[in-house]
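Peer 1: Enclosed is the structure file final_16.cif (mmCIF, C-alpha atoms).
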data_coords
#
loop_
_atom_site.label_atom_id
_atom_site.label_comp_id
_atom_site.auth_asym_id
_atom_site.auth_seq_id
_atom_site.Cartn_x
_atom_site.Cartn_y
_atom_site.Cartn_z
CA MET V 1 0.00 0.00 0.00
CA VAL V 2 2.86 2.33 0.87
CA ALA V 3 4.58 1.59 -2.44
CA PHE V 4 1.33 2.31 -4.28
CA ASN V 5 1.00 5.70 -2.54
CA ARG V 6 4.60 6.55 -3.39
CA SER V 7 3.99 5.84 -7.09
CA ILE V 8 0.90 8.04 -7.08
CA VAL V 9 2.88 10.92 -5.51
CA THR V 10 5.68 10.50 -8.06
CA LEU V 11 3.24 10.63 -10.99
CA ALA V 12 1.63 13.75 -9.52
CA LEU V 13 5.00 15.49 -9.20
CA LEU V 14 5.96 14.60 -12.77
CA SER V 15 2.68 15.97 -14.14
CA THR V 16 3.16 19.19 -12.15
CA ALA V 17 6.69 19.62 -13.48
CA GLY V 18 5.44 19.12 -17.01
CA ALA V 19 2.76 21.72 -16.53
CA PHE V 20 5.36 24.28 -15.42
CA SER V 21 8.05 23.34 -17.92
CA PRO V 22 9.94 26.19 -19.73
CA SER V 23 8.27 25.30 -23.02
CA SER V 24 4.78 26.05 -21.69
CA PHE V 25 5.44 28.75 -19.08
CA THR V 26 4.39 32.28 -19.99
CA SER V 27 4.85 35.44 -17.99
CA SER V 28 2.09 37.75 -16.85
CA ASN V 29 2.47 39.93 -19.95
CA GLY V 30 1.84 36.98 -22.26
CA LEU V 31 5.44 36.71 -23.53
CA ASN V 32 7.12 33.36 -23.67
CA THR V 33 10.22 33.34 -21.50
CA LYS V 34 11.79 30.33 -23.18
CA THR V 35 15.26 31.31 -24.48
CA THR V 36 16.39 28.10 -26.18
CA SER V 37 16.37 29.61 -29.71
CA GLN V 38 19.29 31.91 -30.57
CA SER V 39 18.84 35.11 -32.56
CA THR V 40 20.18 35.23 -36.12
CA MET V 41 20.64 39.02 -36.08
CA THR V 42 24.25 39.86 -36.95
CA MET V 43 23.91 43.54 -37.94
CA LYS V 44 25.82 46.30 -36.21
CA ILE V 45 24.14 48.62 -33.77
CA PHE V 46 24.77 51.63 -36.03
CA ASP V 47 22.43 52.37 -38.93
CA TRP V 48 20.09 49.50 -38.05
CA LYS V 49 17.22 51.31 -39.73
CA LYS V 50 19.06 51.42 -43.06
CA ARG V 51 20.09 47.79 -42.75
CA GLY V 52 16.50 46.80 -42.06
CA ASP V 53 15.23 48.64 -45.15
CA THR V 54 15.85 45.75 -47.53
CA ALA V 55 13.54 47.14 -50.23
CA THR V 56 15.64 50.26 -50.75
CA ILE V 57 18.89 48.26 -50.70
CA GLU V 58 17.63 45.83 -53.33
CA LYS V 59 16.42 48.70 -55.48
CA LEU V 60 19.79 50.46 -55.37
CA ASN V 61 21.63 47.21 -56.08
CA ASP V 62 19.65 46.85 -59.30
CA VAL V 63 22.12 48.91 -61.32
CA GLU V 64 20.55 48.24 -64.69
CA ASN V 65 17.18 49.73 -63.71
CA THR V 66 18.34 52.39 -61.24
CA GLU V 67 19.56 55.89 -62.11
CA PHE V 68 21.91 57.24 -59.47
CA THR V 69 21.36 60.90 -58.60
CA LEU V 70 22.35 63.19 -55.75
CA ASP V 71 19.05 62.35 -54.07
CA ASN V 72 19.50 58.60 -53.74
CA LEU V 73 23.25 58.45 -53.08
CA THR V 74 23.72 57.27 -49.50
CA PRO V 75 26.74 55.94 -47.59
CA MET V 76 27.00 52.26 -46.85
CA PRO V 77 25.27 51.24 -43.61
CA GLY V 78 27.76 51.30 -40.76
CA SER V 79 30.34 53.44 -42.58
CA ARG V 80 29.23 56.70 -40.93
CA GLN V 81 28.36 56.95 -37.26
CA ASN V 82 26.57 59.64 -35.34
CA LYS V 83 28.64 61.99 -33.22
CA LYS V 84 29.04 60.87 -29.63
CA ARG V 85 27.31 63.27 -27.23
CA LYS V 86 29.71 63.57 -24.32
CA GLY V 87 28.87 65.08 -20.98
CA ARG V 88 25.14 64.24 -21.18
CA GLY V 89 24.79 61.85 -18.28
CA ILE V 90 26.65 58.85 -16.88
CA SER V 91 24.29 56.33 -18.47
CA ALA V 92 25.71 57.10 -21.91
CA GLY V 93 29.22 56.00 -20.90
CA GLN V 94 30.80 59.34 -21.79
CA GLY V 95 29.16 61.60 -19.21
CA ALA V 96 30.66 63.64 -16.38
CA THR V 97 34.39 63.40 -17.20
CA CYS V 98 33.70 62.71 -20.91
CA GLY V 99 36.17 59.84 -21.03
CA PHE V 100 39.16 61.86 -19.78
CA GLY V 101 39.20 60.42 -16.26
CA MET V 102 39.06 62.25 -12.94
CA ARG V 103 42.69 63.16 -12.28
CA GLY V 104 45.92 63.77 -14.10
CA GLN V 105 47.41 66.27 -16.50
CA LYS V 106 45.42 65.03 -19.48
CA SER V 107 42.11 65.55 -17.65
CA ARG V 108 42.76 69.27 -17.06
CA ALA V 109 41.83 72.13 -19.35
CA GLY V 110 44.31 72.93 -22.11
CA SER V 111 46.33 70.84 -24.49
CA GLY V 112 47.95 68.62 -21.85
CA THR V 113 51.45 68.27 -23.28
CA ARG V 114 53.19 70.21 -26.01
CA ALA V 115 53.67 68.85 -29.49
CA GLY V 116 56.56 66.40 -29.70
CA PHE V 117 56.64 65.65 -25.96
CA GLU V 118 57.21 61.96 -25.23
CA GLY V 119 56.95 61.84 -21.45
CA GLY V 120 60.53 62.88 -20.74
CA GLN V 121 62.37 60.43 -22.94
CA GLN V 122 64.50 61.61 -25.86
CA PRO V 123 61.97 62.82 -28.44
CA LEU V 124 62.00 61.81 -32.07
CA TYR V 125 63.14 65.18 -33.40
CA ARG V 126 66.25 64.90 -31.20
CA ARG V 127 66.94 61.26 -31.99
CA LEU V 128 67.01 61.79 -35.77
CA PRO V 129 70.38 62.68 -37.34
CA LYS V 130 70.91 66.20 -38.64
CA PHE V 131 72.27 66.45 -42.18
CA VAL V 132 74.63 69.15 -43.44
CA GLY V 133 72.97 71.45 -45.96
CA ARG V 134 69.44 70.75 -44.73
CA PRO V 135 69.00 73.03 -41.71
CA THR V 136 65.86 72.92 -39.60
CA GLY V 137 64.27 75.14 -37.03
CA PRO V 138 63.43 78.87 -36.93
CA GLY V 139 64.99 80.96 -39.68
CA HIS V 140 65.21 78.06 -42.09
CA THR V 141 61.62 77.75 -43.22
CA LYS V 142 60.60 77.19 -46.81
CA THR V 143 59.58 80.20 -48.88
CA ILE V 144 55.96 79.86 -49.96
CA TYR V 145 54.77 81.76 -53.04
CA ASN V 146 51.40 82.49 -54.51
CA VAL V 147 51.39 80.62 -57.80
CA ILE V 148 50.44 82.39 -61.05
CA LYS V 149 50.01 80.03 -64.01
CA LEU V 150 50.93 80.96 -67.54
CA ASP V 151 47.49 80.12 -68.93
CA GLU V 152 46.06 82.82 -66.65
CA LEU V 153 47.98 85.39 -68.71
CA ASN V 154 46.35 84.46 -72.02
CA GLY V 155 43.85 87.31 -71.76
CA VAL V 156 46.54 90.00 -71.66
CA ALA V 157 46.88 92.05 -74.85
CA ALA V 158 50.19 92.34 -76.65
CA GLY V 159 52.53 95.06 -75.39
CA GLU V 160 50.97 95.34 -71.92
CA THR V 161 52.66 94.95 -68.55
CA VAL V 162 50.98 92.49 -66.22
CA ASN V 163 51.45 91.67 -62.53
CA TYR V 164 49.41 90.25 -59.67
CA ASP V 165 47.44 93.45 -59.05
CA SER V 166 46.40 93.84 -62.69
CA LEU V 167 45.38 90.19 -62.94
CA LEU V 168 43.32 90.51 -59.75
CA ALA V 169 41.61 93.64 -61.06
CA ALA V 170 40.78 91.82 -64.31
CA LYS V 171 39.44 88.85 -62.25
CA ALA V 172 41.80 86.49 -64.03
CA ILE V 173 42.96 85.15 -60.64
CA THR V 174 41.59 85.06 -57.11
CA LYS V 175 42.81 86.79 -53.97
CA SER V 176 45.88 85.30 -52.31
CA LYS V 177 47.00 85.25 -48.68
CA TYR V 178 50.67 85.41 -49.71
CA ASP V 179 52.46 88.64 -50.55
CA ILE V 180 55.03 87.22 -52.95
CA HIS V 181 54.12 85.67 -56.29
CA LYS V 182 55.75 83.14 -58.59
CA VAL V 183 54.96 82.44 -62.24
CA VAL V 184 54.84 78.76 -63.19
CA VAL V 185 53.74 76.71 -66.19
CA GLY V 186 50.06 75.74 -66.15
CA LYS V 187 48.18 72.82 -67.66
CA ASN V 188 46.89 74.75 -70.68
CA ASP V 189 48.96 76.30 -73.46
CA PHE V 190 50.40 79.79 -73.15
CA THR V 191 49.12 81.92 -76.05
CA ALA V 192 49.90 85.53 -75.02
CA LYS V 193 52.45 87.38 -77.18
CA ASP V 194 54.85 90.25 -76.48
CA ILE V 195 53.90 90.94 -72.84
CA THR V 196 55.94 92.04 -69.82
CA VAL V 197 55.37 89.92 -66.70
CA GLN V 198 56.32 91.21 -63.25
CA ALA V 199 56.63 88.76 -60.34
CA HIS V 200 58.90 87.94 -57.43
CA ALA V 201 60.08 84.67 -58.98
CA PHE V 202 59.85 82.66 -62.20
CA THR V 203 60.43 79.02 -62.90
CA ALA V 204 62.97 78.29 -65.63
CA SER V 205 60.35 76.75 -67.93
CA ALA V 206 57.90 79.65 -67.42
CA LYS V 207 60.57 82.25 -68.12
CA GLU V 208 61.64 80.40 -71.25
CA ALA V 209 58.04 80.24 -72.51
CA ILE V 210 57.45 83.97 -71.96
CA GLU V 211 60.66 84.99 -73.69
CA ALA V 212 59.99 82.57 -76.57
CA ALA V 213 56.69 84.39 -77.18
CA GLY V 214 58.48 87.76 -77.40
CA GLY V 215 57.79 88.82 -73.81
CA LYS V 216 59.96 89.91 -70.90
CA CYS V 217 60.25 88.81 -67.28
CA GLN V 218 60.87 91.41 -64.58
CA THR V 219 61.76 90.26 -61.06
CA LEU V 220 60.39 92.30 -58.15
CA LYS V 221 61.90 92.90 -54.71
CA ARG V 222 60.12 91.05 -51.94
CA THR V 223 60.10 94.00 -49.55
CA THR V 224 59.39 97.05 -51.75
CA GLY V 225 57.98 95.50 -54.91
CA GLU V 226 60.35 97.49 -57.11
CA VAL V 227 61.72 96.04 -60.32
CA ILE V 228 65.23 94.59 -59.97
CA GLU V 229 67.32 95.95 -62.81
CA GLY V 230 69.63 93.64 -64.69
#
Now, as a test, write the supplied structure out as structure tokens.
Peer 2:
Amino acid sequence: MVAFNRSIVTLALLSTAGAFSPSSFTSSNGLNTKTTSQSTMTMKIFDWKKRGDTATIEKLNDVENTEFTLDNLTPMPGSRQNKKRKGRGISAGQGATCGFGMRGQKSRAGSGTRAGFEGGQQPLYRRLPKFVGRPTGPGHTKTIYNVIKLDELNGVAAGETVNYDSLLAAKAITKSKYDIHKVVVGKNDFTAKDITVQAHAFTASAKEAIEAAGGKCQTLKRTTGEVIEG
């Protein structure tokens, strides 16, 4: 009799366990809490809306029937990310200290360390060898000119004298932030004849082209802008 009662209790427990098994249990909101199936989603967190819009992607991939314009050109999903909004709360991961930490020189206002500083060790610009004839540092900077191309002089009439100011007044060139000007060879052919060109420097090929067309090259002083005789 005792064995019979034990079997009845065992069957009752098994039926109760089956009733509350993970496959049949649902939460109060009606959602199944069974997590045996794994998700097949492999997309990145960025641009998930574009990745989910399969109709637009398939339409753009149909090159034969799609005309690309400035309206439908879009970057690839995931290639461009939104700007991180720092300092907007600690829940975002970049709030409060904005990723710079709480202490230290790099967390303070300002640039932190100067350019080229390597923490006290011998910096790169001091480890590299210095070559004779190639000085570096203040006083040895490269001279930067405003470039005037020969094809920009094609509108000058024969017999006229042309310089940067006259070309700017004729709107043949645009305004420059440099005060000294150099004439170089452009991509297009030089067609002006018998003109006098004034500049602070000329390349050898540009000077040869001007003189071959019957013109003259006059070099100007960098400080006063006067013509250097001879």
Peer 1: Just so the selection is clear, what residues does the PyMOL selection byres ((chain V and resi 208-215) around 12) cover here, as a ChimeraX atom specification?
Peer 2: /V:149-151,153-154,156-162,183-186,189-198,202-207,216-218
Peer 1: Find the residues around stretch 227-229 of chain V up to 10 Å (only C-alpha atoms counted), leave out those fewer than 4 positions away in its own chain, and share them as a list in words.
Peer 2: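 What passes the distance filter is Gln198, Ala199, His200, Gln218, Thr219, Leu220, Lys221 and Arg222 of chain V.
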Peer 1: Could you please determine the separation between atom CA of V:Gly89 and atom CA of V:Pro77 in Å, to one decimal place?
Peer 2: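 Spanning atom CA of V:Gly89 to atom CA of V:Pro77 is a straight-line distance of 27.5 Å.
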Peer 1: So what do you get for atom CA of V:Asn82 versus atom CA of V:Gln94, distance-wise?
Peer 2: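 Here the two named atoms are 14.2 Å from each other.
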Peer 1: When you look at V:Ser176 with a cut-off of 12 Å (counting all atoms listed in the file), what residues show up, excluding the ones that are within fewer than 3 positions of it in the same chain? I need them as a list in words.
Peer 2: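 Selected residues are Ile144, Tyr145, Asn146, Val147, Ile148, Tyr164, Asp165, Leu167, Leu168, Ile173, Asp179, Ile180, His181 and Lys182 of chain V.
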Peer 1: Quick one: pull the distance between atom CA of V:Gln105 and atom CA of V:Arg85, Å, one decimal.
Peer 2: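 Atom CA of V:Arg85 lies 23.0 Å from atom CA of V:Gln105.
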